[in-house]
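For reference, the structure is listed below as structure tokens.
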Amino acid sequence: MNILVTGGAGYIGSHTVRALQQTKDLIPIVFDNLSTGHEESVPDSVQLVTGDIHDVFFLKHILSEYEIDGVIHFAASSLVGESMTDPAKYYYNNVEGTLHLLIAMHEAGVDNLVFSSTAAVYGEPEKTPIEEDFPTVPTNVYGRTKLQIETMMKDFAMAYEMKYVALRYFNAAGADLDGTIGEDHSPETHLIPLILKTAQGVRDHISIFGTDYPTADGTCLRDYIHVLDLAQAHILAMRHLLQGGEGGAFNLGSEKGFSVREIIDKTKEVTGRDFRVTEEARRAGDPAVLIASSEKIRRVLGWQPEHSSTEEIIASAWKWHQAHPYGYAK
Ligand code: UDP
């Protein structure tokens with residue numbers, strides 16, 4: 001079976017491409033415009049098509065040319081802060097880009113779609129752990145674009161043959177265990193890579209955004225999930241659809257919350273390095289606690305996390321950062 005992976009040269013996409021390769025029966029074809037993705041992350045043995053999801057005609061051509069059975073869709077803009085200052089970019093790339101993909105899939109008769117959604121669709125939850133039927137009230141533009149895409153997919157699924165799974169990720173982190181691919185965003189805004197860059201001396205200090213949250217140590221709690229566990233979930237979701245299973249939205253988290261301070265302390269322990277930590281005001285729009293219930297994906301898809309201890313997440317990311325202190329840049 002041939003699987004088109006849009007955004008397959010990005011962080012989660014590139015790990016999913018590796019995982020697809022290991023299945024032997026699901027063959028990945030990467031579709032990426034390389035605006036934020038890295039060509040170096042695509043293995044030589046995988047076909048890379050450089051193209052834009054806005055180009056419906058080209059997409060349709062690729063879907064039929066490669067006899068695609070299903071699409072895993074990562075291609076998107078994904079920086080929360082930027083989404084607030086440049087919403088046009090986010091509605092265009094995420095909502096309109098996905099609409100173009102959906103039209104191309106519908107016209108080419110490709111029915112199975114696994115979509116990269118986010119816990120940001122929930123906004124500030126009233127309680128935790130968060131279940132899939134909790135209210136979806138995103139507090140930022142990024143989350144709103146992902147929620148609108150989920151609505152579009154639902155409408156396409158009702159009207160046409162199409163089926164979809166939306167995977168609502170909590171905090172993706174970690175890297176392939178061999179240290180050859182990993183997280184490389186520009187600019188980097190995520191906690192774990194920023195701490196590791198500090199441990200390496202590439203950055204001077206790590207700032208804790210907010211120490212007055214209603215949590216045990218006053219810093220935010222997040223649910224960190226290893227990118228390899230995320231990658232496996234995409235494969236299970238695609239197999240589920242290919243076998244005629246019912247689609248819908250699924251949370252993807254480890255169901256455990258760690259505070260910013262706990263992650264910093266764990267990083268000091270794993271790397272054996274000490275570094276400067278400062279305290280700053282809260283970052284706008286950060287909920288105090290985001291922890292998933294992943295009961296649905298365990299029950300329906302048989303998924304379970306295998307690499308998501310904070311120890312393994314940080315150790316694998318550290319290996320990647322040590323081998324690539326400046327990311328994929330030469
Ligand atoms: N955070 C922090 N300092 C940083 C970056 C992030 O204290 O330099 C905090 C942020 O406020 C949040 C947590 O770390 O509580 C995780 O943030 P990240 O951006 O990694 O993921 P998010 O939860 O926003 O998707």
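Each chain in the structure tokens gets a letter, A, B, ..., in the order shown, and its residues are numbered from 1; ligands are numbered from 1 in order too.
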Distance query range 50-58 of chain A at most 6 Å, only C-alpha atoms, self and fewer than 2 positions along chain excluded, as an NGL selection string:
:A and (31-33 or 60-61 or 97 or 100 or 104)
Could you please take those selected residues and save N, CA and C atoms as a PDB file, in the first residue's frame?
```pdb
ATOM      1  N   PHE A  31       5.622  14.172   0.486  1.00  0.00           N
ATOM      2  CA  PHE A  31       5.217  15.347  -0.276  1.00  0.00           C
ATOM      3  C   PHE A  31       5.463  16.553   0.624  1.00  0.00           C
ATOM      4  N   ASP A  32       6.381  17.422   0.234  1.00  0.00           N
ATOM      5  CA  ASP A  32       6.785  18.515   1.133  1.00  0.00           C
ATOM      6  C   ASP A  32       7.267  19.684   0.286  1.00  0.00           C
ATOM      7  N   ASN A  33       6.945  20.903   0.699  1.00  0.00           N
ATOM      8  CA  ASN A  33       7.454  22.056  -0.069  1.00  0.00           C
ATOM      9  C   ASN A  33       8.791  22.540   0.480  1.00  0.00           C
ATOM     10  N   LYS A  60      -3.379  15.991  -7.263  1.00  0.00           N
ATOM     11  CA  LYS A  60      -4.209  14.940  -7.878  1.00  0.00           C
ATOM     12  C   LYS A  60      -3.365  14.040  -8.750  1.00  0.00           C
ATOM     13  N   HIS A  61      -2.478  14.678  -9.484  1.00  0.00           N
ATOM     14  CA  HIS A  61      -1.577  13.932 -10.358  1.00  0.00           C
ATOM     15  C   HIS A  61      -0.714  12.966  -9.531  1.00  0.00           C
ATOM     16  N   GLY A  97      -4.967  25.085   2.831  1.00  0.00           N
ATOM     17  CA  GLY A  97      -4.084  24.019   2.335  1.00  0.00           C
ATOM     18  C   GLY A  97      -4.749  22.656   2.487  1.00  0.00           C
ATOM     19  N   HIS A 100      -7.556  22.138   0.032  1.00  0.00           N
ATOM     20  CA  HIS A 100      -7.046  21.737  -1.283  1.00  0.00           C
ATOM     21  C   HIS A 100      -6.675  20.256  -1.302  1.00  0.00           C
ATOM     22  N   ALA A 104      -8.412  17.425  -3.658  1.00  0.00           N
ATOM     23  CA  ALA A 104      -7.591  16.561  -4.522  1.00  0.00           C
ATOM     24  C   ALA A 104      -7.857  15.086  -4.195  1.00  0.00           C
TER      25      ALA A 104
END
```
Which residues form the shell of 10 Å around ligand 1 when you count only C-alpha atoms and all ligand atoms, given as a count of residues only?
54
Find the residues near Val141 in chain A: any atom within 9 Å, counting only C-alpha atoms, skip ones fewer than 6 places away on the same chain, and give them as an MDAnalysis selection string.
chainID A and resid 80:84 87 90:91
Per-residue DSSP, range 41-90 of chain A, filtered to strand (DSSP E), as number ranges by chain
A: 47-50, 68-73
Go ahead and compute the interatomic distance for CA of Val114 in chain A and CA of Tyr164 in chain A, in Å to one decimal.
5.6 Å
List every residue of range 201-286 of chain A that DSSP, applied to the backbone of this structure, places in alpha helix (DSSP H), and write the result as a list in words.
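Written out, the alpha helix (DSSP H) residues of range 201-286 of chain A are Val227, Leu228, Asp229, Leu230, Ala231, Gln232, Ala233, His234, Ile235, Leu236, Ala237, Met238, Arg239, His240, Leu241, Leu242, Val260, Arg261, Glu262, Ile263, Ile264, Asp265, Lys266, Thr267, Lys268, Glu269, Val270 and Thr271 of chain A.
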Residues just named, written with N, CA and C atoms as a CSV table (one decimal), in the first residue's frame:
```
chain,number,residue,atom,x,y,z
A,227,VAL,N,8.1,11.1,20.2
A,227,VAL,CA,7.8,11.1,18.7
A,227,VAL,C,7.7,9.7,18.1
A,228,LEU,N,8.4,8.8,18.7
A,228,LEU,CA,8.3,7.4,18.1
A,228,LEU,C,7.0,6.8,18.5
A,229,ASP,N,6.5,7.1,19.6
A,229,ASP,CA,5.1,6.6,20.0
A,229,ASP,C,4.1,7.3,19.2
A,230,LEU,N,4.3,8.6,18.9
A,230,LEU,CA,3.4,9.3,18.0
A,230,LEU,C,3.4,8.6,16.6
A,231,ALA,N,4.6,8.3,16.1
A,231,ALA,CA,4.7,7.8,14.8
A,231,ALA,C,3.9,6.4,14.7
A,232,GLN,N,4.1,5.6,15.7
A,232,GLN,CA,3.3,4.3,15.7
A,232,GLN,C,1.8,4.5,15.7
A,233,ALA,N,1.4,5.6,16.3
A,233,ALA,CA,-0.1,5.8,16.4
A,233,ALA,C,-0.6,6.1,14.9
A,234,HIS,N,0.2,6.8,14.1
A,234,HIS,CA,-0.2,7.1,12.8
A,234,HIS,C,-0.3,5.9,11.9
A,235,ILE,N,0.6,4.9,12.2
A,235,ILE,CA,0.5,3.7,11.4
A,235,ILE,C,-0.7,2.9,11.9
A,236,LEU,N,-1.0,2.8,13.2
A,236,LEU,CA,-2.2,2.1,13.6
A,236,LEU,C,-3.4,2.7,13.1
A,237,ALA,N,-3.4,4.1,13.1
A,237,ALA,CA,-4.6,4.8,12.6
A,237,ALA,C,-4.8,4.5,11.1
A,238,MET,N,-3.8,4.5,10.3
A,238,MET,CA,-3.9,4.3,8.9
A,238,MET,C,-4.4,2.8,8.7
A,239,ARG,N,-3.8,1.9,9.4
A,239,ARG,CA,-4.2,0.5,9.2
A,239,ARG,C,-5.7,0.4,9.5
A,240,HIS,N,-6.1,1.0,10.6
A,240,HIS,CA,-7.5,1.0,11.1
A,240,HIS,C,-8.4,1.5,9.9
A,241,LEU,N,-8.1,2.6,9.3
A,241,LEU,CA,-8.9,3.1,8.2
A,241,LEU,C,-8.9,2.2,7.0
A,242,LEU,N,-7.7,1.7,6.7
A,242,LEU,CA,-7.6,0.8,5.5
A,242,LEU,C,-8.4,-0.5,5.7
A,260,VAL,N,7.3,22.2,34.3
A,260,VAL,CA,8.5,22.8,33.7
A,260,VAL,C,9.8,22.5,34.5
A,261,ARG,N,9.6,22.8,35.8
A,261,ARG,CA,10.8,22.5,36.7
A,261,ARG,C,11.2,21.1,36.7
A,262,GLU,N,10.3,20.2,36.7
A,262,GLU,CA,10.6,18.7,36.7
A,262,GLU,C,11.4,18.4,35.4
A,263,ILE,N,11.0,19.0,34.3
A,263,ILE,CA,11.7,18.7,33.1
A,263,ILE,C,13.1,19.3,33.1
A,264,ILE,N,13.2,20.5,33.6
A,264,ILE,CA,14.6,21.1,33.7
A,264,ILE,C,15.5,20.2,34.6
A,265,ASP,N,14.9,19.8,35.8
A,265,ASP,CA,15.7,19.0,36.7
A,265,ASP,C,16.1,17.6,36.1
A,266,LYS,N,15.1,17.0,35.4
A,266,LYS,CA,15.4,15.7,34.7
A,266,LYS,C,16.5,15.9,33.6
A,267,THR,N,16.4,17.0,32.9
A,267,THR,CA,17.4,17.3,31.9
A,267,THR,C,18.8,17.4,32.5
A,268,LYS,N,18.9,18.1,33.6
A,268,LYS,CA,20.2,18.2,34.3
A,268,LYS,C,20.7,16.8,34.7
A,269,GLU,N,19.8,16.0,35.2
A,269,GLU,CA,20.2,14.6,35.6
A,269,GLU,C,20.7,13.8,34.3
A,270,VAL,N,19.9,13.8,33.3
A,270,VAL,CA,20.2,13.0,32.1
A,270,VAL,C,21.5,13.4,31.4
A,271,THR,N,21.6,14.7,31.3
A,271,THR,CA,22.8,15.2,30.5
A,271,THR,C,24.0,15.4,31.4
```
Test item: residues at most 7 Å from Asn2 in chain A, only C-alpha atoms, excluding those fewer than 2 positions along its chain, as a ChimeraX atom specification
/A:4,26-28,67-70
Selection above as a file: all heavy atoms, as a compact mmCIF listing (two decimals), in the first residue's frame:
```
# COMPACT_ATOMS: atom_id res chain seq x y z
N LEU A 4 0.92 8.57 1.05
CA LEU A 4 1.50 9.89 0.84
C LEU A 4 1.61 10.59 2.20
O LEU A 4 0.63 10.66 2.94
CB LEU A 4 0.62 10.72 -0.09
CG LEU A 4 1.30 12.00 -0.60
CD1 LEU A 4 2.34 11.66 -1.66
CD2 LEU A 4 0.26 12.98 -1.18
N LEU A 26 3.59 -0.83 4.11
CA LEU A 26 3.10 0.54 3.89
C LEU A 26 4.28 1.36 3.39
O LEU A 26 5.25 1.60 4.11
CB LEU A 26 2.55 1.14 5.19
CG LEU A 26 1.35 0.41 5.82
CD1 LEU A 26 0.93 1.08 7.14
CD2 LEU A 26 0.15 0.35 4.88
N ILE A 27 4.20 1.77 2.13
CA ILE A 27 5.34 2.44 1.49
C ILE A 27 5.14 3.96 1.54
O ILE A 27 4.17 4.47 0.96
CB ILE A 27 5.45 2.04 -0.01
CG1 ILE A 27 5.27 0.54 -0.20
CG2 ILE A 27 6.75 2.58 -0.64
CD1 ILE A 27 6.38 -0.31 0.31
N PRO A 28 6.03 4.69 2.22
CA PRO A 28 5.85 6.14 2.28
C PRO A 28 6.36 6.86 1.04
O PRO A 28 7.41 6.51 0.49
CB PRO A 28 6.70 6.55 3.50
CG PRO A 28 7.75 5.50 3.60
CD PRO A 28 7.18 4.22 3.03
N GLU A 67 -0.43 5.83 -7.16
CA GLU A 67 -1.50 4.91 -6.70
C GLU A 67 -1.61 4.92 -5.18
O GLU A 67 -1.48 3.89 -4.50
CB GLU A 67 -1.23 3.50 -7.25
CG GLU A 67 -1.24 3.49 -8.76
CD GLU A 67 -0.93 2.11 -9.36
OE1 GLU A 67 -0.79 1.15 -8.58
OE2 GLU A 67 -0.85 2.03 -10.59
N ILE A 68 -1.86 6.11 -4.67
CA ILE A 68 -1.89 6.31 -3.22
C ILE A 68 -3.17 5.71 -2.61
O ILE A 68 -4.27 5.92 -3.12
CB ILE A 68 -1.80 7.83 -2.91
CG1 ILE A 68 -0.47 8.41 -3.40
CG2 ILE A 68 -2.02 8.10 -1.41
CD1 ILE A 68 0.77 7.88 -2.76
N ASP A 69 -2.98 4.97 -1.50
CA ASP A 69 -4.11 4.36 -0.80
C ASP A 69 -4.57 5.21 0.39
O ASP A 69 -5.71 5.10 0.82
CB ASP A 69 -3.72 2.96 -0.30
CG ASP A 69 -3.36 2.04 -1.44
OD1 ASP A 69 -4.28 1.66 -2.20
OD2 ASP A 69 -2.16 1.73 -1.63
N GLY A 70 -3.65 5.97 0.94
CA GLY A 70 -4.00 6.79 2.10
C GLY A 70 -3.02 7.93 2.25
O GLY A 70 -1.89 7.87 1.75
```
For Asp184 in chain A: contacts at 12 Å, only C-alpha atoms, fewer than 6 positions along chain excluded, given as a short mmCIF file (atom, residue, chain, number, x, y, z; two decimals) with C-alpha atoms, in the first residue's frame:
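Generated file (out_31.cif):
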```
data_model
loop_
_atom_site.label_atom_id
_atom_site.label_comp_id
_atom_site.auth_asym_id
_atom_site.auth_seq_id
_atom_site.Cartn_x
_atom_site.Cartn_y
_atom_site.Cartn_z
CA ALA A 9 10.35 16.17 5.88
CA GLY A 10 9.25 17.80 9.16
CA TYR A 11 9.80 16.71 12.73
CA ILE A 12 6.94 14.26 13.36
CA SER A 14 10.17 12.31 9.26
CA THR A 36 10.27 24.31 7.09
CA GLY A 37 11.03 20.63 6.42
CA HIS A 38 14.54 19.27 5.92
CA GLU A 40 18.24 15.62 4.82
CA SER A 41 15.63 13.99 7.04
CA ALA A 173 9.26 15.44 22.10
CA GLY A 174 12.26 13.13 21.77
CA ALA A 175 14.08 11.86 18.69
CA HIS A 190 9.51 24.27 22.55
CA ILE A 192 12.77 20.43 25.75
CA PRO A 193 14.90 21.46 22.73
CA LEU A 194 15.44 24.88 24.32
CA LYS A 197 20.43 23.84 23.69
CA ALA A 317 16.65 14.24 22.13
CA TRP A 320 20.25 14.18 18.45
CA HIS A 321 21.25 17.61 19.79
CA HIS A 324 23.57 18.17 15.51
CA PRO A 325 24.07 21.21 17.75
CA TYR A 326 22.78 23.48 14.98
CA GLY A 327 20.14 21.08 13.68
CA TYR A 328 20.31 19.99 10.05
CA ALA A 329 22.34 23.07 9.12
#
```
Near Val46 in chain A, counting only C-alpha atoms, which residues have an atom at most 10 Å away, once you skip same-chain residues fewer than 6 positions from it, shown as JSON, numbers by chain?
{"A": [17, 18, 21, 27, 28, 29, 30]}
Would you output that residue set with N, CA and C atoms, as a short mmCIF file (atom, residue, chain, number, x, y, z; two decimals), in the first residue's frame?
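Just written: part.cif:
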```
data_model
loop_
_atom_site.label_atom_id
_atom_site.label_comp_id
_atom_site.auth_asym_id
_atom_site.auth_seq_id
_atom_site.Cartn_x
_atom_site.Cartn_y
_atom_site.Cartn_z
N VAL A 17 7.76 8.61 8.69
CA VAL A 17 8.26 8.01 7.45
C VAL A 17 9.17 6.82 7.79
N ARG A 18 10.05 6.99 8.75
CA ARG A 18 10.93 5.88 9.18
C ARG A 18 10.10 4.69 9.68
N GLN A 21 8.51 2.85 6.86
CA GLN A 21 9.50 2.01 6.16
C GLN A 21 9.68 0.68 6.86
N ILE A 27 4.20 1.77 2.13
CA ILE A 27 5.34 2.44 1.49
C ILE A 27 5.14 3.96 1.54
N PRO A 28 6.03 4.69 2.22
CA PRO A 28 5.85 6.14 2.28
C PRO A 28 6.36 6.86 1.04
N ILE A 29 5.59 7.85 0.60
CA ILE A 29 6.05 8.81 -0.42
C ILE A 29 5.90 10.19 0.23
N VAL A 30 6.99 10.92 0.29
CA VAL A 30 6.96 12.21 0.99
C VAL A 30 6.56 13.33 0.03
#
```
Å distance separating CA of Leu196 in chain A from CA of Pro305 in chain A, one decimal place
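Straight-line distance from CA of Leu196 in chain A to CA of Pro305 in chain A works out to 22.8 Å.
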Using only C-alpha atoms, which residues sit within 9 Å of Met152 in chain A once same-chain residues fewer than 5 positions away are excluded, as a PyMOL selection string?
chain A and resi 95+98-99+102+147+157
Residues as selected, C-alpha atoms, written as a CSV table (one decimal), in the first residue's frame, can you do that?
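The file below, out16.csv, is the result:
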```csv
chain,number,residue,atom,x,y,z
A,95,VAL,CA,-7.2,25.5,6.6
A,98,THR,CA,-6.0,21.1,3.8
A,99,LEU,CA,-9.1,22.0,1.9
A,102,LEU,CA,-9.3,17.2,0.6
A,147,LEU,CA,-10.3,22.5,14.8
A,157,ALA,CA,-16.6,12.1,5.6
```
When you count only C-alpha atoms, which of these residues is closest to Met153 in chain A: A:Gly201, A:Pro214, A:Gly248, A:Gly109?
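Between A:Gly201, A:Pro214, A:Gly248, A:Gly109, the residue approaching Met153 in chain A most closely is A:Gly248.
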Could you please determine the separation between CA of Phe115 in chain A and CA of Lys319 in chain A in Å, to one decimal place?
28.5 Å
Determine the nearest neighbour of Trp318 in chain A from the options A:Arg273, A:Lys89, A:Lys154, A:Lys163, counting only C-alpha atoms.
A:Arg273
